[in-house]
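Chemist: So that you have it, the file is entry.cif, and it contains mmCIF, C-alpha atoms and all ligand atoms:
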data_entry
#
loop_
_atom_site.label_atom_id
_atom_site.label_comp_id
_atom_site.auth_asym_id
_atom_site.auth_seq_id
_atom_site.Cartn_x
_atom_site.Cartn_y
_atom_site.Cartn_z
CA MET A 1076 -33.34 18.27 -34.63
CA GLY A 1077 -35.34 15.21 -35.51
CA SER A 1078 -39.07 15.69 -35.47
CA VAL A 1079 -39.09 18.98 -33.60
CA SER A 1080 -39.33 22.04 -35.78
CA LEU A 1081 -38.33 25.21 -34.01
CA PRO A 1082 -37.25 28.12 -36.19
CA VAL A 1083 -34.82 29.41 -33.60
CA LEU A 1084 -32.96 26.15 -33.55
CA GLN A 1085 -32.63 26.10 -37.30
CA ASN A 1086 -31.22 29.62 -37.16
CA THR A 1087 -28.69 28.76 -34.52
CA SER A 1088 -27.50 25.59 -36.16
CA CYS A 1089 -26.79 27.62 -39.31
CA ASN A 1090 -24.69 29.86 -37.15
CA THR A 1091 -21.72 27.55 -37.35
CA GLU A 1092 -18.81 26.99 -39.68
CA PRO A 1093 -16.54 24.05 -40.43
CA VAL A 1094 -13.64 23.70 -38.05
CA THR A 1095 -10.34 24.87 -39.50
CA THR A 1096 -7.95 24.01 -36.73
CA GLU A 1097 -5.83 21.66 -38.83
CA THR A 1098 -4.14 22.93 -41.92
CA THR A 1099 -2.55 19.74 -43.13
CA ALA A 1100 -5.62 17.58 -43.56
CA PRO A 1101 -8.72 19.43 -44.74
CA ASP A 1102 -10.76 16.24 -44.64
CA ALA A 1103 -9.82 15.82 -40.98
CA ALA A 1104 -10.89 19.40 -40.31
CA LEU A 1105 -14.25 18.82 -41.91
CA ALA A 1106 -14.62 15.65 -39.90
CA GLU A 1107 -14.41 17.67 -36.68
CA GLY A 1108 -17.87 19.10 -37.17
CA ARG A 1109 -19.06 22.64 -37.02
CA LEU A 1110 -18.00 25.33 -34.63
CA TRP A 1111 -20.51 27.38 -32.74
CA ARG A 1112 -20.41 31.05 -33.71
CA PRO A 1113 -22.24 33.16 -31.14
CA ARG A 1114 -23.96 36.19 -32.62
CA ARG A 1115 -23.06 38.36 -29.64
CA VAL A 1116 -20.65 38.23 -26.77
CA TYR A 1117 -21.26 40.01 -23.47
CA ILE A 1118 -18.35 40.78 -21.18
CA THR A 1119 -18.51 42.13 -17.65
CA PRO A 1120 -16.03 44.75 -16.32
CA ASP A 1121 -14.41 42.24 -13.95
CA ALA A 1122 -13.98 39.72 -16.76
CA TYR A 1123 -12.55 42.38 -19.07
CA ALA A 1124 -9.93 43.19 -16.44
CA LEU A 1125 -8.49 39.66 -16.75
CA PRO A 1126 -6.19 38.62 -19.63
CA HIS A 1127 -8.10 35.38 -20.22
CA GLY A 1128 -11.37 37.33 -20.41
CA ARG A 1129 -9.96 39.62 -23.06
CA ALA A 1130 -8.44 36.68 -24.94
CA MET A 1131 -11.85 34.99 -25.12
CA LEU A 1132 -13.42 38.24 -26.26
CA GLU A 1133 -10.89 38.48 -29.07
CA ARG A 1134 -11.60 34.90 -30.13
CA ALA A 1135 -15.35 35.52 -30.17
CA GLU A 1136 -14.88 38.71 -32.17
CA GLY A 1137 -12.77 36.73 -34.61
CA PHE A 1138 -15.77 34.47 -35.13
CA GLY A 1139 -17.90 37.48 -35.99
CA ALA A 1140 -19.69 38.07 -32.68
CA GLU A 1141 -20.99 41.53 -31.85
CA VAL A 1142 -19.29 42.74 -28.65
CA ILE A 1143 -21.37 44.10 -25.79
CA ARG A 1144 -19.29 45.61 -22.96
CA LEU A 1145 -21.49 45.56 -19.87
CA LYS A 1146 -21.23 48.38 -17.33
CA GLN A 1147 -21.94 46.09 -14.40
CA ASN A 1148 -20.98 42.59 -13.39
CA ARG A 1149 -24.49 41.24 -13.70
CA LEU A 1150 -26.10 39.81 -16.80
CA THR A 1151 -29.48 41.39 -17.24
CA GLY A 1152 -32.12 41.72 -19.90
CA LEU A 1153 -31.97 38.12 -21.07
CA SER A 1154 -35.13 36.75 -19.47
CA GLY A 1155 -38.27 36.65 -21.52
CA GLN A 1156 -41.53 37.62 -19.92
CA PRO A 1157 -43.87 34.77 -19.00
CA GLY A 1158 -45.68 33.82 -22.18
CA GLU A 1159 -44.67 31.47 -24.91
CA LYS A 1160 -43.44 34.02 -27.45
CA ASP A 1161 -41.15 35.87 -25.09
CA GLU A 1162 -39.84 32.65 -23.57
CA ARG A 1163 -38.98 31.39 -27.07
CA LYS A 1164 -37.20 34.68 -27.75
CA ALA A 1165 -35.27 34.40 -24.50
CA TYR A 1166 -34.21 30.85 -25.41
CA ALA A 1167 -33.08 31.95 -28.88
CA LEU A 1168 -31.20 34.95 -27.51
CA ALA A 1169 -29.46 32.83 -24.88
CA LYS A 1170 -28.46 30.06 -27.27
CA THR A 1171 -26.88 32.54 -29.69
CA SER A 1172 -24.96 34.45 -27.02
CA LEU A 1173 -21.77 33.97 -25.06
CA ALA A 1174 -21.19 35.76 -21.78
CA ILE A 1175 -17.70 36.20 -20.39
CA VAL A 1176 -17.91 36.60 -16.63
CA VAL A 1177 -15.99 35.85 -13.44
CA SER A 1178 -17.21 32.76 -11.62
CA PRO A 1179 -18.81 33.39 -8.25
CA PRO A 1180 -16.72 32.39 -5.20
CA SER A 1181 -19.28 29.67 -4.43
CA ALA A 1182 -18.30 27.92 -7.68
CA ARG A 1183 -14.80 27.51 -6.29
CA ARG A 1184 -15.98 25.56 -3.25
CA LEU A 1185 -15.89 22.19 -4.96
CA GLN A 1186 -18.63 19.60 -4.63
CA PRO A 1187 -18.30 15.85 -5.16
CA ILE A 1188 -19.88 14.36 -8.26
CA PRO A 1189 -20.59 10.68 -7.69
CA PRO A 1190 -20.20 8.29 -9.40
CA SER A 1191 -18.02 10.12 -11.95
CA ALA A 1192 -15.38 11.93 -9.93
CA ASP A 1193 -14.17 13.12 -6.56
CA TRP A 1194 -14.81 16.75 -7.40
CA GLN A 1195 -16.54 18.88 -10.00
CA PHE A 1196 -15.17 22.22 -11.11
CA HIS A 1197 -16.39 24.66 -13.69
CA LEU A 1198 -14.73 26.37 -16.64
CA ALA A 1199 -18.09 27.53 -17.94
CA GLN A 1200 -21.79 27.07 -17.44
CA GLY A 1201 -24.24 26.40 -20.25
CA CYS A 1202 -23.95 24.89 -23.70
CA PRO A 1203 -24.86 26.08 -27.19
CA ALA A 1204 -26.28 22.74 -28.37
CA HIS A 1205 -29.94 21.71 -28.35
CA CYS A 1206 -30.39 18.26 -26.87
CA GLN A 1207 -33.98 17.65 -25.99
CA TYR A 1208 -33.03 15.59 -22.95
CA CYS A 1209 -30.35 18.06 -21.82
CA TYR A 1210 -29.26 17.26 -18.30
CA LEU A 1211 -28.54 20.93 -17.66
CA ALA A 1212 -32.26 21.72 -17.85
CA GLY A 1213 -32.87 20.98 -14.22
CA SER A 1214 -29.57 22.30 -12.90
CA LEU A 1215 -29.32 25.84 -14.23
CA SER A 1216 -31.75 28.64 -13.69
CA GLY A 1217 -32.79 31.30 -16.16
CA PRO A 1218 -32.28 31.38 -19.92
CA PRO A 1219 -29.65 28.88 -21.08
CA ILE A 1220 -26.90 31.34 -22.00
CA THR A 1221 -23.35 30.02 -22.04
CA ARG A 1222 -21.15 31.75 -19.48
CA ALA A 1223 -17.40 31.26 -19.83
CA TYR A 1224 -15.26 32.08 -16.83
CA ALA A 1225 -12.48 34.64 -17.23
CA ASN A 1226 -10.72 33.75 -13.97
CA LEU A 1227 -9.37 30.49 -15.33
CA HIS A 1228 -6.02 30.81 -13.57
CA GLU A 1229 -7.73 31.18 -10.20
CA ILE A 1230 -10.11 28.27 -10.95
CA LEU A 1231 -7.25 25.93 -11.78
CA GLU A 1232 -4.99 26.99 -8.91
CA ASN A 1233 -7.91 26.46 -6.53
CA LEU A 1234 -7.87 22.73 -7.39
CA ARG A 1235 -4.52 22.19 -5.71
CA GLU A 1236 -5.91 22.20 -2.20
CA TYR A 1237 -8.21 19.28 -3.03
CA VAL A 1238 -5.54 16.79 -4.01
CA GLY A 1239 -5.79 13.66 -1.88
CA THR A 1240 -9.18 14.66 -0.43
CA GLY A 1241 -11.56 12.76 -2.70
CA LYS A 1242 -14.23 10.42 -1.36
CA VAL A 1243 -15.81 9.17 -4.57
CA THR A 1244 -13.39 7.55 -7.00
CA SER A 1245 -10.52 7.82 -4.51
CA ALA A 1246 -12.53 5.67 -2.09
CA SER A 1247 -13.17 3.00 -4.71
CA ALA A 1248 -10.82 0.01 -4.80
CA GLU A 1249 -11.25 -0.21 -8.58
CA ARG A 1250 -10.62 3.46 -9.26
CA ALA A 1251 -8.30 4.76 -6.56
CA HIS A 1252 -5.37 4.42 -8.95
CA GLU A 1253 -6.83 7.29 -11.00
CA GLY A 1254 -5.79 9.71 -8.24
CA THR A 1255 -7.96 12.62 -7.20
CA THR A 1256 -10.42 13.09 -10.05
CA PHE A 1257 -11.77 16.46 -11.21
CA GLU A 1258 -14.79 16.57 -13.53
CA ALA A 1259 -15.06 19.64 -15.81
CA SER A 1260 -18.26 18.91 -17.73
CA CYS A 1261 -21.03 19.00 -15.15
CA TYR A 1262 -22.48 22.33 -16.27
CA THR A 1263 -21.15 22.67 -19.79
CA ASP A 1264 -19.71 20.83 -22.76
CA PRO A 1265 -16.22 22.34 -22.62
CA LEU A 1266 -15.11 21.09 -26.05
CA GLY A 1267 -18.16 22.68 -27.71
CA ILE A 1268 -16.90 26.14 -26.75
CA GLU A 1269 -13.16 25.45 -26.74
CA HIS A 1270 -12.54 27.42 -29.95
CA LEU A 1271 -13.88 30.48 -28.10
CA THR A 1272 -12.40 29.87 -24.66
CA GLY A 1273 -9.17 27.89 -24.90
CA GLY A 1274 -10.05 26.74 -21.37
CA LEU A 1275 -9.61 23.03 -22.00
CA GLU A 1276 -6.22 23.50 -23.57
CA GLU A 1277 -5.09 25.43 -20.48
CA SER A 1278 -6.60 22.80 -18.20
CA VAL A 1279 -4.95 19.89 -20.00
CA ARG A 1280 -1.60 21.69 -19.80
CA PHE A 1281 -2.20 22.47 -16.12
CA PHE A 1282 -2.88 18.82 -15.25
CA GLY A 1283 -0.04 17.69 -17.50
CA ALA A 1284 2.39 19.86 -15.55
CA TRP A 1285 0.84 18.96 -12.17
CA ASP A 1286 3.12 16.16 -11.08
CA ALA A 1287 0.68 14.52 -8.65
CA PRO A 1288 -1.87 11.68 -8.64
CA VAL A 1289 -4.67 13.71 -10.25
CA GLN A 1290 -6.93 13.36 -13.25
CA LEU A 1291 -8.88 15.89 -15.31
CA ARG A 1292 -12.07 14.43 -16.75
CA PHE A 1293 -14.50 15.81 -19.26
CA THR A 1294 -17.16 14.43 -21.53
CA THR A 1295 -18.33 15.88 -24.83
CA LYS A 1296 -20.67 15.62 -27.78
CA PHE A 1297 -18.28 17.62 -29.94
CA ALA A 1298 -15.28 16.60 -32.01
CA ALA A 1299 -12.92 19.55 -32.57
CA VAL A 1300 -10.02 17.93 -30.76
CA GLY A 1301 -7.26 19.22 -33.08
CA PRO A 1302 -5.85 21.78 -30.59
CA LEU A 1303 -5.64 19.15 -27.84
CA LEU A 1304 -3.79 16.46 -29.76
CA GLY A 1305 -0.25 17.74 -29.35
CA LEU A 1306 -0.46 18.83 -25.71
CA GLN A 1307 1.77 17.45 -22.96
CA HIS A 1308 -1.09 15.75 -21.11
CA HIS A 1309 1.05 13.09 -19.39
CA GLY A 1310 -1.95 10.81 -19.22
CA ARG A 1311 -3.63 12.99 -16.61
CA THR A 1312 -6.68 13.89 -18.72
CA ARG A 1313 -9.38 11.40 -19.60
CA VAL A 1314 -11.71 12.54 -22.37
CA ARG A 1315 -14.97 10.66 -22.77
CA PHE A 1316 -17.16 10.98 -25.82
CA SER A 1317 -20.88 10.98 -25.25
CA LEU A 1318 -22.24 8.43 -27.70
CA ASN A 1319 -25.62 6.93 -28.28
CA ALA A 1320 -27.84 4.81 -30.48
CA ALA A 1321 -28.19 6.36 -33.94
CA SER A 1322 -31.90 7.06 -33.59
CA VAL A 1323 -31.46 8.77 -30.20
CA ALA A 1324 -28.83 11.11 -31.64
CA ARG A 1325 -30.92 11.70 -34.76
CA ASP A 1326 -34.16 12.46 -32.94
CA PHE A 1327 -33.01 14.28 -29.83
CA GLU A 1328 -29.66 15.99 -30.39
CA GLY A 1329 -29.14 19.26 -32.24
CA GLY A 1330 -26.10 21.44 -32.80
CA THR A 1331 -23.64 18.71 -31.74
CA ALA A 1332 -21.03 16.83 -33.78
CA THR A 1333 -22.37 13.77 -35.54
CA MET A 1334 -21.81 10.33 -34.05
CA ALA A 1335 -19.26 9.51 -36.78
CA GLN A 1336 -17.33 12.71 -36.00
CA ARG A 1337 -17.29 11.93 -32.29
CA ILE A 1338 -16.08 8.38 -32.88
CA ARG A 1339 -13.34 9.67 -35.14
CA ALA A 1340 -12.35 12.21 -32.47
CA LEU A 1341 -12.24 9.36 -29.93
CA ARG A 1342 -9.74 7.55 -32.11
CA ARG A 1343 -7.61 10.67 -32.60
CA MET A 1344 -7.43 11.34 -28.86
CA ALA A 1345 -6.60 7.70 -28.16
CA MET A 1346 -3.89 7.82 -30.82
CA ALA A 1347 -2.50 10.93 -29.10
CA GLY A 1348 -2.07 8.83 -25.97
CA TYR A 1349 -4.95 10.20 -23.93
CA PRO A 1350 -6.88 7.86 -21.67
CA VAL A 1351 -10.31 7.86 -23.31
CA GLY A 1352 -13.82 6.79 -22.49
CA LEU A 1353 -17.36 6.31 -23.66
CA THR A 1354 -20.20 8.08 -21.93
CA VAL A 1355 -23.11 6.05 -23.24
CA ALA A 1356 -25.90 8.42 -22.35
CA PRO A 1357 -28.72 8.80 -22.06
CA ILE A 1358 -29.46 5.13 -22.71
CA MET A 1359 -33.02 4.67 -23.98
CA PRO A 1360 -34.81 1.43 -24.78
CA VAL A 1361 -35.99 2.72 -28.15
CA GLU A 1362 -37.44 0.26 -30.63
CA GLY A 1363 -34.67 -2.13 -31.69
CA TRP A 1364 -32.34 -0.76 -29.00
CA GLN A 1365 -30.16 -3.87 -28.78
CA ALA A 1366 -29.37 -3.77 -32.51
CA GLU A 1367 -28.73 -0.02 -32.40
CA TYR A 1368 -26.36 -0.18 -29.44
CA THR A 1369 -24.57 -3.21 -30.89
CA ALA A 1370 -24.02 -1.21 -34.09
CA LEU A 1371 -22.61 1.65 -32.01
CA PHE A 1372 -20.21 -0.58 -30.08
CA THR A 1373 -19.12 -2.29 -33.28
CA GLU A 1374 -18.32 1.08 -34.88
CA ILE A 1375 -16.32 2.08 -31.82
CA ALA A 1376 -14.41 -1.22 -31.85
CA THR A 1377 -13.55 -0.71 -35.52
CA ALA A 1378 -12.42 2.87 -34.89
CA LEU A 1379 -10.17 1.87 -32.00
CA ASP A 1380 -8.69 -1.13 -33.73
CA GLY A 1381 -4.89 -0.99 -33.65
CA VAL A 1382 -4.56 1.86 -31.12
CA ALA A 1383 -1.45 1.00 -29.10
CA GLY A 1384 -1.74 1.17 -25.30
CA LEU A 1385 -5.46 1.91 -25.41
CA ASP A 1386 -6.93 2.89 -22.02
CA LEU A 1387 -10.71 2.80 -22.50
CA THR A 1388 -13.50 3.15 -19.95
CA ALA A 1389 -17.28 3.11 -20.31
CA GLU A 1390 -19.88 4.93 -18.23
CA LEU A 1391 -23.46 3.82 -18.72
CA ILE A 1392 -26.19 6.28 -17.84
CA THR A 1393 -29.87 5.62 -18.45
CA HIS A 1394 -32.31 8.38 -19.28
CA ARG A 1395 -33.90 10.07 -16.30
CA PHE A 1396 -35.58 13.36 -15.51
CA THR A 1397 -36.96 15.31 -12.59
CA ALA A 1398 -40.27 17.14 -12.40
CA GLY A 1399 -38.31 20.39 -12.75
CA SER A 1400 -36.17 19.35 -15.72
CA ARG A 1401 -39.25 17.90 -17.45
CA GLU A 1402 -41.02 21.23 -17.20
CA VAL A 1403 -38.02 23.16 -18.49
CA LEU A 1404 -37.46 20.76 -21.40
CA LEU A 1405 -41.10 20.85 -22.44
CA GLY A 1406 -40.84 24.65 -22.40
CA TRP A 1407 -37.73 24.61 -24.59
CA TYR A 1408 -38.88 21.78 -26.91
CA PRO A 1409 -42.68 21.73 -26.82
CA LYS A 1410 -42.99 19.35 -29.77
CA THR A 1411 -40.46 16.81 -28.58
CA THR A 1412 -41.21 13.12 -29.01
CA LEU A 1413 -38.93 12.28 -26.07
CA ASP A 1414 -40.69 9.98 -23.62
CA LEU A 1415 -41.20 12.20 -20.58
CA ALA A 1416 -44.32 10.40 -19.34
CA LYS A 1417 -44.10 10.02 -15.57
CA GLU A 1418 -46.39 6.98 -15.64
CA ASN A 1419 -43.76 5.02 -17.59
CA ARG A 1420 -41.18 5.50 -14.84
CA SER A 1421 -40.30 4.65 -11.28
CA GLU A 1422 -39.39 7.26 -8.70
CA LYS A 1423 -35.84 7.13 -7.41
CA ARG A 1424 -35.40 9.12 -4.21
CA ASN A 1425 -32.19 10.90 -3.32
CA LYS A 1426 -30.82 11.63 0.14
CA PHE A 1427 -32.15 15.19 0.02
CA GLY A 1428 -35.76 14.05 -0.34
CA GLY A 1429 -36.08 14.85 -4.05
CA PHE A 1430 -36.57 12.20 -6.70
CA LYS A 1431 -35.88 11.38 -10.31
CA TYR A 1432 -38.00 9.47 -12.78
CA VAL A 1433 -36.06 6.44 -13.97
CA TYR A 1434 -36.95 3.30 -15.91
CA PRO A 1435 -38.78 0.64 -13.86
CA LYS A 1436 -36.66 -1.85 -11.94
CA ASP A 1437 -37.20 -4.84 -14.26
CA ARG A 1438 -36.43 -2.80 -17.34
CA MET A 1439 -33.28 -1.42 -15.69
CA ALA A 1440 -32.10 -4.89 -14.70
CA GLN A 1441 -32.68 -6.23 -18.22
CA MET A 1442 -30.81 -3.35 -19.85
CA ARG A 1443 -27.97 -3.44 -17.34
CA GLU A 1444 -27.35 -7.12 -17.91
CA TRP A 1445 -27.45 -6.70 -21.67
CA PHE A 1446 -25.07 -3.70 -21.73
CA TYR A 1447 -22.46 -5.33 -19.52
CA ALA A 1448 -22.53 -8.53 -21.60
CA GLU A 1449 -22.48 -6.71 -24.93
CA ILE A 1450 -19.61 -4.42 -24.01
CA ALA A 1451 -17.63 -7.42 -22.76
CA ARG A 1452 -18.31 -9.14 -26.08
CA VAL A 1453 -17.72 -6.27 -28.53
CA LEU A 1454 -15.29 -4.10 -26.58
CA PRO A 1455 -13.52 -6.54 -24.28
CA GLY A 1456 -10.79 -4.04 -23.46
CA ALA A 1457 -13.23 -1.49 -22.03
CA ARG A 1458 -13.46 -1.07 -18.26
CA VAL A 1459 -17.06 -0.30 -17.26
CA LEU A 1460 -16.94 2.27 -14.45
CA TYR A 1461 -20.61 2.31 -13.49
CA TRP A 1462 -24.21 1.87 -14.54
CA THR A 1463 -26.82 4.27 -13.33
FE1 LIG A 1501 -27.02 19.62 -22.94
FE2 LIG A 1501 -24.79 18.16 -23.40
FE3 LIG A 1501 -26.55 18.52 -25.34
FE4 LIG A 1501 -25.07 20.57 -24.50
S1 LIG A 1501 -24.33 18.72 -25.53
S2 LIG A 1501 -27.28 20.63 -24.95
S3 LIG A 1501 -24.92 20.12 -22.29
S4 LIG A 1501 -26.89 17.40 -23.38
#
For this file, write the structure as structure tokens.
Ligand code: SF4

Modeler:
Amino acid sequence: MGSVSLPVLQNTSCNTEPVTTETTAPDAALAEGRLWRPRRVYITPDAYALPHGRAMLERAEGFGAEVIRLKQNRLTGLSGQPGEKDERKAYALAKTSLAIVVSPPSARRLQPIPPSADWQFHLAQGCPAHCQYCYLAGSLSGPPITRAYANLHEILENLREYVGTGKVTSASAERAHEGTTFEASCYTDPLGIEHLTGGLEESVRFFGAWDAPVQLRFTTKFAAVGPLLGLQHHGRTRVRFSLNAASVARDFEGGTATMAQRIRALRRMAMAGYPVGLTVAPIMPVEGWQAEYTALFTEIATALDGVAGLDLTAELITHRFTAGSREVLLGWYPKTTLDLAKENRSEKRNKFGGFKYVYPKDRMAQMREWFYAEIARVLPGARVLYWT
């Protein structure tokens, strides 16, 4: 957790165990990082009525979670009262709990997600990790509990009506060949909870069997890819690994796989024939940033050396925050050393009248130029999809 010392985070990060998904290569299993073990799992009646809900419950129980069968379909009792102590308790309770629920109908009316994909869809909402810049902070309300959706079959079948309707990547001359793109990691890190949900495995199989111009996309800071390696993906899933400068990961990420584990997982997925990608995010001009990012790209190039038929993309996302996400993050991580000073940023307005705090224009231009040149130099096979 870098320089932030929060007892609850130390407790939760202990609440993990080495991945054991591969039996033939124990060193590979260890290299996948640690699995999140929720202390308790809540399940609603509607979720319990579905086979996938019960399957997730069984998995969570297998990892030692206490089961709480709710009598109603609402999650209650998780919010702390206003006041630092209760808010800290609510955070700790949420980050050590999994809720199995049915997604609301509104979640199945898909929204575009520029510039990543035509559509976003949701297998879950929330994430057990502790990144001090977490982009979910401004998007989700209430305590950050992870909710996994039991109606997976319905969620996946619902995607069919969107094929051919995209206006983001489908409308781009450079990316139209990807087909209709569906992003699964807007509100969660699906690989971080895959051992409990199996939702990614089902989704990869679904897209693999869906003989149409479509692509499943997800990005992750985890590395337990073992169960995905042998699937019939037919090239219709692109996994991107969220990677960063060593000091950014060290200082601001907690409860995720290490950078080395993620890079190794990137190689394993590429070797299994998946289209792969780098989500370089959030890019920060920390002291010595050029040297740190060069070291990262060099490690990636070494890891991918010799992968036949490599299909590699890069998405470059600079650090930004909103007034709302800043407030939430400072509540969750009051001692963070993350630069959240508004005076160091420019305001970037969106079409709805809100705005984000981004790096000033000159700084952005300098970094953009450097990243494009450096990726072309160190990873010449990578196709940069966007900078933002
Ligand atoms: Fe947030 Fe992603 Fe970190 Fe999870 S892994 S805490 S979703 S930034």

Chemist: Please determine, counting all atoms listed in the file, which residue among A:Ala1199, A:Ala1451, A:Ala1140, A:Leu1125 has the shortest atom-to-atom distance to ligand LIG 1501 (chain A).

Modeler: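 Looking only at the distances to ligand LIG 1501 (chain A), the closest residue turns out to be A:Ala1199.
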
Chemist: Quick one, how far is atom CA of Glu1269 of chain A from atom S3 of ligand LIG 1501 (chain A)?

Modeler: 13.7 Å

Chemist: Hey, which of A:Glu1422, A:Asp1161, A:Ile1220, A:Cys1206 ends up closest to Ala1174 of chain A? Count all atoms listed in the file.

Modeler: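 That would be A:Ile1220, the residue with the smallest distance to Ala1174 of chain A.
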
Chemist: Skipping near chain neighbours, those fewer than 5 positions away, what residues fall within 9 Å of segment 1382-1386 of chain A using all atoms listed in the file, listed as a PyMOL selection string?

Modeler: chain A and resi 1342+1345-1346+1348-1352+1456-1458

Chemist: Listing only residues of chain A within 8 Å of ligand LIG 1501 (chain A), what is the closest atom pair and its distance in Å (to one decimal) for each, using all atoms listed in the file, sorted by chain and residue number ascending, as a tab-separated table?

Modeler:
residue	atom	partner	partner_atom	distance
A:Gly1201	CA	A:LIG1501	S3	6.6
A:Cys1202	CA	A:LIG1501	FE4	4.5
A:Pro1203	CA	A:LIG1501	FE4	6.1
A:Ala1204	CA	A:LIG1501	S2	4.1
A:His1205	CA	A:LIG1501	S2	4.4
A:Cys1206	CA	A:LIG1501	FE3	4.1
A:Gln1207	CA	A:LIG1501	S2	7.4
A:Tyr1208	CA	A:LIG1501	S4	6.4
A:Cys1209	CA	A:LIG1501	FE1	3.8
A:Tyr1210	CA	A:LIG1501	S4	5.6
A:Leu1211	CA	A:LIG1501	FE1	5.6
A:Ala1212	CA	A:LIG1501	FE1	7.6
A:Tyr1262	CA	A:LIG1501	S3	6.9
A:Thr1263	CA	A:LIG1501	S3	5.2
A:Asp1264	CA	A:LIG1501	S3	5.3
A:Gly1267	CA	A:LIG1501	S1	7.6
A:Thr1295	CA	A:LIG1501	S1	6.7
A:Lys1296	CA	A:LIG1501	S1	5.3
A:Phe1297	CA	A:LIG1501	S1	7.6
A:Glu1328	CA	A:LIG1501	FE3	6.4
A:Gly1329	CA	A:LIG1501	FE3	7.4
A:Gly1330	CA	A:LIG1501	S1	8.0
A:Thr1331	CA	A:LIG1501	S1	6.2

Chemist: I need the chosen residues saved as a CSV table (one decimal), in the coordinates of the input, with C-alpha atoms.

Modeler:
chain,number,residue,atom,x,y,z
A,1201,GLY,CA,-24.2,26.4,-20.2
A,1202,CYS,CA,-24.0,24.9,-23.7
A,1203,PRO,CA,-24.9,26.1,-27.2
A,1204,ALA,CA,-26.3,22.7,-28.4
A,1205,HIS,CA,-29.9,21.7,-28.4
A,1206,CYS,CA,-30.4,18.3,-26.9
A,1207,GLN,CA,-34.0,17.6,-26.0
A,1208,TYR,CA,-33.0,15.6,-23.0
A,1209,CYS,CA,-30.4,18.1,-21.8
A,1210,TYR,CA,-29.3,17.3,-18.3
A,1211,LEU,CA,-28.5,20.9,-17.7
A,1212,ALA,CA,-32.3,21.7,-17.8
A,1262,TYR,CA,-22.5,22.3,-16.3
A,1263,THR,CA,-21.2,22.7,-19.8
A,1264,ASP,CA,-19.7,20.8,-22.8
A,1267,GLY,CA,-18.2,22.7,-27.7
A,1295,THR,CA,-18.3,15.9,-24.8
A,1296,LYS,CA,-20.7,15.6,-27.8
A,1297,PHE,CA,-18.3,17.6,-29.9
A,1328,GLU,CA,-29.7,16.0,-30.4
A,1329,GLY,CA,-29.1,19.3,-32.2
A,1330,GLY,CA,-26.1,21.4,-32.8
A,1331,THR,CA,-23.6,18.7,-31.7

Chemist: Could you pull out every residue with an atom within 10 Å of (-43.9, 10.9, -18.4), file coordinates, counting only C-alpha atoms, and send them as a ChimeraX atom specification?

Modeler: /A:1396,1398,1401,1413-1420,1432

Chemist: So, counting all atoms listed in the file, which residue among A:Tyr1117, A:Gln1365, A:Ser1181, A:Pro1302 is closest to Gln1441 of chain A?

Modeler: A:Gln1365

Chemist: Identify which of the residues A:Arg1311, A:Arg1134, A:Asp1326, A:Ser1317 lies closest to Lys1410 of chain A, counting only C-alpha atoms when measuring atom-to-atom distances.

Modeler: A:Asp1326

Chemist: Would you mind reading off the distance between atom CA of Thr1294 of chain A and atom CA of Arg1424 of chain A, one decimal, in Å?

Modeler: 25.7 Å

Chemist: Would you work out the distance separating atom CA of Arg1292 of chain A from atom CA of His1308 of chain A, expressed in Å to one decimal?

Modeler: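 Between atom CA of Arg1292 of chain A and atom CA of His1308 of chain A the gap is 11.9 Å.
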
Chemist: Using all atoms listed in the file, find all polymer residues with an atom at most 7 Å away from the point (-17.4, 34.2, -15.2); report them as a list in words.

Modeler: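 Here the neighbourhood of the point contains Ala1122, Ile1175, Val1176, Val1177, Ser1178, Arg1222, Ala1223, Tyr1224, Ala1225 and Asn1226 of chain A.
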
Chemist: Point out the residue among A:Phe1293, A:Glu1449, A:Pro1126, A:Leu1185 with the least atom-to-atom distance to Ala1370 of chain A, counting all atoms listed in the file.

Modeler: A:Glu1449

Chemist: Write out as a PyMOL selection string each polymer residue whose atoms come within 9 Å of segment 1187-1196 of chain A, counting all atoms listed in the file; drop sequence neighbours fewer than 5 positions from it.

Modeler: chain A and resi 1182+1230-1231+1234+1237+1240-1246+1255-1262+1292+1390+1460-1461+1463

Chemist: Could you save the residues just selected, with C-alpha atoms, as an mmCIF file, in the coordinates of the input?

Modeler:
data_model
loop_
_atom_site.group_PDB
_atom_site.id
_atom_site.type_symbol
_atom_site.label_atom_id
_atom_site.label_comp_id
_atom_site.auth_asym_id
_atom_site.auth_seq_id
_atom_site.Cartn_x
_atom_site.Cartn_y
_atom_site.Cartn_z
ATOM 1 C CA ALA A 1182 -18.300 27.920 -7.680
ATOM 2 C CA ILE A 1230 -10.110 28.270 -10.950
ATOM 3 C CA LEU A 1231 -7.250 25.930 -11.780
ATOM 4 C CA LEU A 1234 -7.870 22.730 -7.390
ATOM 5 C CA TYR A 1237 -8.210 19.280 -3.030
ATOM 6 C CA THR A 1240 -9.180 14.660 -0.430
ATOM 7 C CA GLY A 1241 -11.560 12.760 -2.700
ATOM 8 C CA LYS A 1242 -14.230 10.420 -1.360
ATOM 9 C CA VAL A 1243 -15.810 9.170 -4.570
ATOM 10 C CA THR A 1244 -13.390 7.550 -7.000
ATOM 11 C CA SER A 1245 -10.520 7.820 -4.510
ATOM 12 C CA ALA A 1246 -12.530 5.670 -2.090
ATOM 13 C CA THR A 1255 -7.960 12.620 -7.200
ATOM 14 C CA THR A 1256 -10.420 13.090 -10.050
ATOM 15 C CA PHE A 1257 -11.770 16.460 -11.210
ATOM 16 C CA GLU A 1258 -14.790 16.570 -13.530
ATOM 17 C CA ALA A 1259 -15.060 19.640 -15.810
ATOM 18 C CA SER A 1260 -18.260 18.910 -17.730
ATOM 19 C CA CYS A 1261 -21.030 19.000 -15.150
ATOM 20 C CA TYR A 1262 -22.480 22.330 -16.270
ATOM 21 C CA ARG A 1292 -12.070 14.430 -16.750
ATOM 22 C CA GLU A 1390 -19.880 4.930 -18.230
ATOM 23 C CA LEU A 1460 -16.940 2.270 -14.450
ATOM 24 C CA TYR A 1461 -20.610 2.310 -13.490
ATOM 25 C CA THR A 1463 -26.820 4.270 -13.330
#
